[in-house]
Amino acid sequence: MKKSYIITLTIAGLCTGITLSSFMLKTAGMHPSSTGAPGEWTCANALTGCHANATITNDNTNIVNTLTYSASDSSYVPGQTYTLTLKALKSGITKFGFGMVALQNSNTANTGTFVITDANRTQIISGTGALSTRKYTTHKTNGTPAVSPGLGQWTFNWTAPSANVGDITFYYASNCTNNNGTAAGDQLYLSSFTIHPFSGTSIEEFVKDEAFQSILNPSLNELILNYELLKECELSVSLFDAQGKMIKSISSPNQPAGEYSDHINLSMDLGTGIYFVHVNINDQTLTRKIMIQ
């Protein structure tokens, strides 16, 4: 008599798959729609088939999870891009995972756009079922090992929606795995971080955008900035090449009002190509594109 066998493969950690057919998807990132955000399960729910015996801890006191958002006042300006760094700190853990989604507080709709800056370690995935319109940033397999003893860490960008949609909350879950070869015994930490529309002064109150000039002088290896500050502010300037490599960065924490013509020595030869000047004034950014032919 012939016998048939069904073989399943159980893998530890990081919302990994239960069956061989789903192994590649689940080991490369979180299960879709499992951050614990409104309307979502977590990886510890039996329906996801990932970590049914994991412990779940709400961690909004930042015992394990810490999210750093690049606007110091936790605000957003429509259309602007911000940098987020998520850290999961847990002693003795060697393998971590995470998932994050950004939702409008008013209606829990997906909002903004995640931008991957480290494609080797992070990725964007879509939600599932009724939540298929939600977009998540999560780890890849290469993003699971600890970056230092007991520390998981990931950095990526997020571009705010094109219009003011009110308060926005980032919901995120980290998975501190025991890496024991089973789907049981891992630890999930759920957190959230809320940002609000920028309501302070506009950049035009500090500097006239259209009058801000940036010039590259390749013969002298100089960046020349001509501008007028209307009031004292914090100002920093960064020059990037077309590949995103920073060439020069300077900052002035207390720049008085007045007219300026700054000549910034670059200490290197500039070749032909496109360059970008980013001028940050009180957490708002002007960008200028310059071409050297």
# chains A, B, ... in the order shown; residues from 1 in each chain; ligands from 1
>>> select_by_dssp(residues="segment 73-270 of chain A", states="helix (DSSP H, G or I)", output="list in words")
Gly129, Ala130, Leu131, Thr141, Asn142, Gly143, Ile203, Glu204, Glu205, Asp209, Glu210 and Ala211 of chain A
>>> residues_around(residues="Tyr227 of chain A", least_positions_apart="2", cutoff="9 Å", atoms="only C-alpha atoms", output="PDB file with N, CA and C atoms, in the first residue's frame")
ATOM      1  N   VAL A 207      14.061  83.217   5.739  1.00  0.00           N
ATOM      2  CA  VAL A 207      14.843  83.489   4.544  1.00  0.00           C
ATOM      3  C   VAL A 207      13.912  83.502   3.338  1.00  0.00           C
ATOM      4  N   LYS A 208      14.218  84.343   2.349  1.00  0.00           N
ATOM      5  CA  LYS A 208      13.433  84.373   1.125  1.00  0.00           C
ATOM      6  C   LYS A 208      13.940  83.269   0.192  1.00  0.00           C
ATOM      7  N   ASP A 209      13.080  82.278  -0.017  1.00  0.00           N
ATOM      8  CA  ASP A 209      13.447  81.094  -0.792  1.00  0.00           C
ATOM      9  C   ASP A 209      13.985  81.473  -2.169  1.00  0.00           C
ATOM     10  N   ALA A 211      15.332  84.071  -3.253  1.00  0.00           N
ATOM     11  CA  ALA A 211      16.546  84.886  -3.269  1.00  0.00           C
ATOM     12  C   ALA A 211      17.775  84.125  -2.772  1.00  0.00           C
ATOM     13  N   PHE A 212      17.594  82.846  -2.384  1.00  0.00           N
ATOM     14  CA  PHE A 212      18.710  82.055  -1.867  1.00  0.00           C
ATOM     15  C   PHE A 212      19.494  81.479  -3.049  1.00  0.00           C
ATOM     16  N   GLN A 213      20.741  81.879  -3.196  1.00  0.00           N
ATOM     17  CA  GLN A 213      21.565  81.457  -4.324  1.00  0.00           C
ATOM     18  C   GLN A 213      22.674  80.517  -3.850  1.00  0.00           C
ATOM     19  N   SER A 214      22.911  79.471  -4.624  1.00  0.00           N
ATOM     20  CA  SER A 214      24.034  78.568  -4.358  1.00  0.00           C
ATOM     21  C   SER A 214      24.809  78.370  -5.652  1.00  0.00           C
ATOM     22  N   LEU A 225      27.346  80.602  -1.136  1.00  0.00           N
ATOM     23  CA  LEU A 225      25.946  80.797  -0.772  1.00  0.00           C
ATOM     24  C   LEU A 225      25.683  82.280  -0.569  1.00  0.00           C
ATOM     25  N   LEU A 229      19.173  86.416   5.913  1.00  0.00           N
ATOM     26  CA  LEU A 229      18.365  85.906   7.009  1.00  0.00           C
ATOM     27  C   LEU A 229      17.558  87.053   7.610  1.00  0.00           C
ATOM     28  N   GLY A 258      20.783  89.016   8.848  1.00  0.00           N
ATOM     29  CA  GLY A 258      21.686  89.826   8.034  1.00  0.00           C
ATOM     30  C   GLY A 258      21.899  89.223   6.671  1.00  0.00           C
ATOM     31  N   GLU A 259      22.667  89.934   5.828  1.00  0.00           N
ATOM     32  CA  GLU A 259      22.988  89.461   4.493  1.00  0.00           C
ATOM     33  C   GLU A 259      24.309  88.701   4.530  1.00  0.00           C
ATOM     34  N   TYR A 260      24.372  87.610   3.762  1.00  0.00           N
ATOM     35  CA  TYR A 260      25.546  86.741   3.797  1.00  0.00           C
ATOM     36  C   TYR A 260      25.984  86.368   2.391  1.00  0.00           C
ATOM     37  N   SER A 261      27.298  86.206   2.249  1.00  0.00           N
ATOM     38  CA  SER A 261      27.900  85.586   1.083  1.00  0.00           C
ATOM     39  C   SER A 261      28.980  84.652   1.606  1.00  0.00           C
ATOM     40  N   ASP A 262      28.594  83.397   1.821  1.00  0.00           N
ATOM     41  CA  ASP A 262      29.495  82.416   2.428  1.00  0.00           C
ATOM     42  C   ASP A 262      30.270  81.674   1.347  1.00  0.00           C
TER      43      ASP A 262
END
>>> atom_distance(atom1="atom CA of Pro253 of chain A", atom2="atom CA of Gln284 of chain A")
14.1 Å
>>> atom_distance(atom1="atom CA of Pro197 of chain A", atom2="atom CA of Asp167 of chain A")
6.5 Å
>>> closest_residue(among="A:Ser267, A:Ser249, A:Ser199, A:Asn105", to="Leu220 of chain A", atoms="only C-alpha atoms")
A:Ser267
>>> closest_atom_pairs(of="segment 149-237 of chain A", to="segment 55-73 of chain A", cutoff="8 Å", atoms="only C-alpha atoms", output="CSV")
residue,atom,partner,partner_atom,distance
A:Ser174,CA,A:Asn65,CA,7.2
A:Gly185,CA,A:Thr55,CA,7.2
A:Asp186,CA,A:Thr55,CA,6.6
A:Gln187,CA,A:Thr55,CA,5.0
A:Leu188,CA,A:Ile56,CA,4.8
A:Tyr189,CA,A:Thr57,CA,4.9
A:Leu190,CA,A:Asn58,CA,4.8
A:Ser191,CA,A:Asn60,CA,4.9
A:Ser192,CA,A:Asn60,CA,6.4
A:Phe193,CA,A:Leu67,CA,7.6
>>> residues_around(residues="segment 121-131 of chain A", least_positions_apart="5", cutoff="10 Å", atoms="only C-alpha atoms", output="NGL selection string")
:A and (28-34 or 39-40 or 98-101 or 109-110 or 113-116 or 136-145 or 153-156)
>>> atom_distance(atom1="atom CA of Ala242 of chain A", atom2="atom CA of Ile274 of chain A")
5.5 Å
>>> closest_residue(among="A:Ser75, A:Thr85, A:Thr194, A:Ser236", to="Asp118 of chain A", atoms="only C-alpha atoms")
A:Thr85
>>> select_by_dssp(residues="segment 46-152 of chain A", states="strand (DSSP E)", output="tab-separated table (two decimals) with N, CA and C atoms, in the first residue's frame")
chain	number	residue	atom	x	y	z
A	55	THR	N	5.30	36.02	23.91
A	55	THR	CA	4.76	36.98	24.87
A	55	THR	C	4.64	38.34	24.18
A	56	ILE	N	3.62	39.12	24.55
A	56	ILE	CA	3.39	40.43	23.97
A	56	ILE	C	3.47	41.48	25.07
A	57	THR	N	4.25	42.52	24.83
A	57	THR	CA	4.38	43.61	25.80
A	57	THR	C	4.13	44.94	25.11
A	58	ASN	N	3.21	45.74	25.64
A	58	ASN	CA	3.03	47.10	25.15
A	58	ASN	C	4.17	47.95	25.71
A	65	ASN	N	11.83	49.24	22.77
A	65	ASN	CA	11.76	49.96	21.50
A	65	ASN	C	12.06	51.45	21.67
A	66	THR	N	12.86	51.98	20.78
A	66	THR	CA	13.11	53.43	20.73
A	66	THR	C	13.06	53.87	19.28
A	67	LEU	N	12.20	54.85	18.99
A	67	LEU	CA	12.09	55.40	17.64
A	67	LEU	C	12.60	56.83	17.64
A	68	THR	N	13.57	57.10	16.76
A	68	THR	CA	14.09	58.46	16.59
A	68	THR	C	13.55	59.02	15.28
A	69	TYR	N	12.94	60.21	15.38
A	69	TYR	CA	12.32	60.88	14.22
A	69	TYR	C	13.09	62.17	14.00
A	75	SER	N	7.02	66.96	14.33
A	75	SER	CA	6.04	67.52	13.41
A	75	SER	C	6.35	67.05	11.98
A	76	TYR	N	5.42	67.32	11.07
A	76	TYR	CA	5.67	67.05	9.66
A	76	TYR	C	5.15	68.21	8.82
A	81	THR	N	10.47	64.92	3.56
A	81	THR	CA	10.96	63.59	3.90
A	81	THR	C	11.71	63.62	5.22
A	82	TYR	N	11.48	62.62	6.05
A	82	TYR	CA	12.07	62.53	7.38
A	82	TYR	C	12.77	61.17	7.54
A	83	THR	N	13.76	61.15	8.41
A	83	THR	CA	14.51	59.92	8.68
A	83	THR	C	14.06	59.32	10.01
A	84	LEU	N	13.81	58.01	10.00
A	84	LEU	CA	13.43	57.30	11.21
A	84	LEU	C	14.45	56.20	11.49
A	85	THR	N	14.81	56.07	12.76
A	85	THR	CA	15.68	54.97	13.20
A	85	THR	C	15.00	54.25	14.34
A	86	LEU	N	14.76	52.96	14.15
A	86	LEU	CA	14.14	52.13	15.18
A	86	LEU	C	15.20	51.24	15.81
A	87	LYS	N	15.23	51.26	17.15
A	87	LYS	CA	16.15	50.40	17.89
A	87	LYS	C	15.34	49.49	18.81
A	88	ALA	N	15.74	48.22	18.86
A	88	ALA	CA	15.18	47.27	19.81
A	88	ALA	C	16.34	46.76	20.67
A	89	LEU	N	16.31	47.09	21.95
A	89	LEU	CA	17.42	46.76	22.85
A	89	LEU	C	16.96	45.71	23.84
A	96	PHE	N	16.76	39.86	15.63
A	96	PHE	CA	15.61	40.73	15.82
A	96	PHE	C	14.82	40.87	14.52
A	97	GLY	N	13.58	41.30	14.64
A	97	GLY	CA	12.77	41.66	13.49
A	97	GLY	C	11.87	42.82	13.84
A	98	PHE	N	11.24	43.44	12.85
A	98	PHE	CA	10.34	44.55	13.13
A	98	PHE	C	9.35	44.73	11.98
A	99	GLY	N	8.29	45.47	12.25
A	99	GLY	CA	7.35	45.91	11.23
A	99	GLY	C	6.78	47.25	11.66
A	100	MET	N	6.49	48.13	10.70
A	100	MET	CA	5.97	49.46	11.03
A	100	MET	C	4.99	49.91	9.96
A	101	VAL	N	3.94	50.64	10.39
A	101	VAL	CA	2.96	51.22	9.50
A	101	VAL	C	2.66	52.64	9.99
A	102	ALA	N	2.30	53.56	9.08
A	102	ALA	CA	1.93	54.94	9.43
A	102	ALA	C	0.46	55.15	9.08
A	103	LEU	N	-0.35	55.56	10.08
A	103	LEU	CA	-1.79	55.71	9.89
A	103	LEU	C	-2.27	57.07	10.35
A	104	GLN	N	-3.25	57.61	9.63
A	104	GLN	CA	-3.90	58.84	10.06
A	104	GLN	C	-4.70	58.56	11.34
A	113	THR	N	4.65	57.88	2.70
A	113	THR	CA	5.33	56.86	1.90
A	113	THR	C	6.66	56.51	2.54
A	114	PHE	N	6.86	55.23	2.86
A	114	PHE	CA	8.16	54.79	3.35
A	114	PHE	C	9.14	54.76	2.18
A	115	VAL	N	10.38	55.15	2.46
A	115	VAL	CA	11.44	55.17	1.45
A	115	VAL	C	12.61	54.36	1.99
A	122	THR	N	16.32	46.18	4.75
A	122	THR	CA	14.92	46.54	4.96
A	122	THR	C	14.16	46.53	3.63
A	123	GLN	N	12.83	46.51	3.71
A	123	GLN	CA	11.99	46.44	2.52
A	123	GLN	C	10.61	47.00	2.85
A	124	ILE	N	9.78	47.18	1.80
A	124	ILE	CA	8.39	47.59	1.96
A	124	ILE	C	7.50	46.44	1.49
A	125	ILE	N	6.46	46.12	2.27
A	125	ILE	CA	5.50	45.10	1.89
A	125	ILE	C	4.09	45.68	2.01
A	126	SER	N	3.13	45.01	1.38
A	126	SER	CA	1.74	45.44	1.44
A	126	SER	C	0.99	44.64	2.49
A	135	LYS	N	0.80	49.99	3.74
A	135	LYS	CA	2.19	49.69	3.37
A	135	LYS	C	3.04	49.66	4.64
A	136	TYR	N	3.94	48.71	4.69
A	136	TYR	CA	4.75	48.48	5.88
A	136	TYR	C	6.23	48.49	5.50
A	137	THR	N	7.05	48.97	6.41
A	137	THR	CA	8.49	48.73	6.28
A	137	THR	C	8.86	47.65	7.29
A	138	THR	N	9.73	46.74	6.88
A	138	THR	CA	10.08	45.60	7.72
A	138	THR	C	11.49	45.13	7.37
A	139	HIS	N	12.00	44.19	8.16
A	139	HIS	CA	13.34	43.66	7.95
A	139	HIS	C	13.39	42.72	6.75
A	151	LEU	N	21.26	44.41	20.39
A	151	LEU	CA	20.66	45.58	19.74
A	151	LEU	C	20.28	45.28	18.29
A	152	GLY	N	18.97	45.40	17.99
A	152	GLY	CA	18.50	45.41	16.61
A	152	GLY	C	18.27	46.84	16.20
>>> closest_residue(among="A:Arg288, A:Ile247, A:Ser132, A:Gly92", to="Glu210 of chain A", atoms="only C-alpha atoms")
A:Arg288
>>> residues_around(residues="Ile281 of chain A", least_positions_apart="2", cutoff="8 Å", atoms="only C-alpha atoms", output="short mmCIF file (atom, residue, chain, number, x, y, z; two decimals) with N, CA and C atoms, in the first residue's frame")
data_model
loop_
_atom_site.label_atom_id
_atom_site.label_comp_id
_atom_site.auth_asym_id
_atom_site.auth_seq_id
_atom_site.Cartn_x
_atom_site.Cartn_y
_atom_site.Cartn_z
N ILE A 203 9.43 78.70 6.63
CA ILE A 203 10.81 79.02 6.30
C ILE A 203 10.94 80.43 5.72
N PHE A 206 12.24 83.20 7.84
CA PHE A 206 13.66 83.26 8.14
C PHE A 206 14.49 83.66 6.92
N CYS A 233 18.52 82.24 13.50
CA CYS A 233 18.02 80.88 13.34
C CYS A 233 19.17 79.89 13.44
N GLU A 234 18.82 78.61 13.48
CA GLU A 234 19.80 77.53 13.34
C GLU A 234 19.90 77.17 11.87
N LEU A 235 21.13 77.13 11.36
CA LEU A 235 21.34 76.89 9.93
C LEU A 235 22.43 75.86 9.73
N SER A 236 22.17 74.91 8.82
CA SER A 236 23.20 73.95 8.44
C SER A 236 23.13 73.75 6.93
N VAL A 279 19.92 73.04 2.48
CA VAL A 279 20.06 74.06 3.51
C VAL A 279 18.94 73.86 4.52
N ASP A 283 14.82 73.17 11.17
CA ASP A 283 14.15 71.91 10.83
C ASP A 283 13.35 71.95 9.54
N GLN A 284 13.56 72.97 8.70
CA GLN A 284 12.95 73.01 7.38
C GLN A 284 14.06 73.13 6.35
N THR A 285 13.83 72.58 5.17
CA THR A 285 14.92 72.41 4.21
C THR A 285 14.64 73.08 2.88
N LEU A 286 15.66 73.82 2.40
CA LEU A 286 15.71 74.30 1.03
C LEU A 286 16.67 73.40 0.26
#
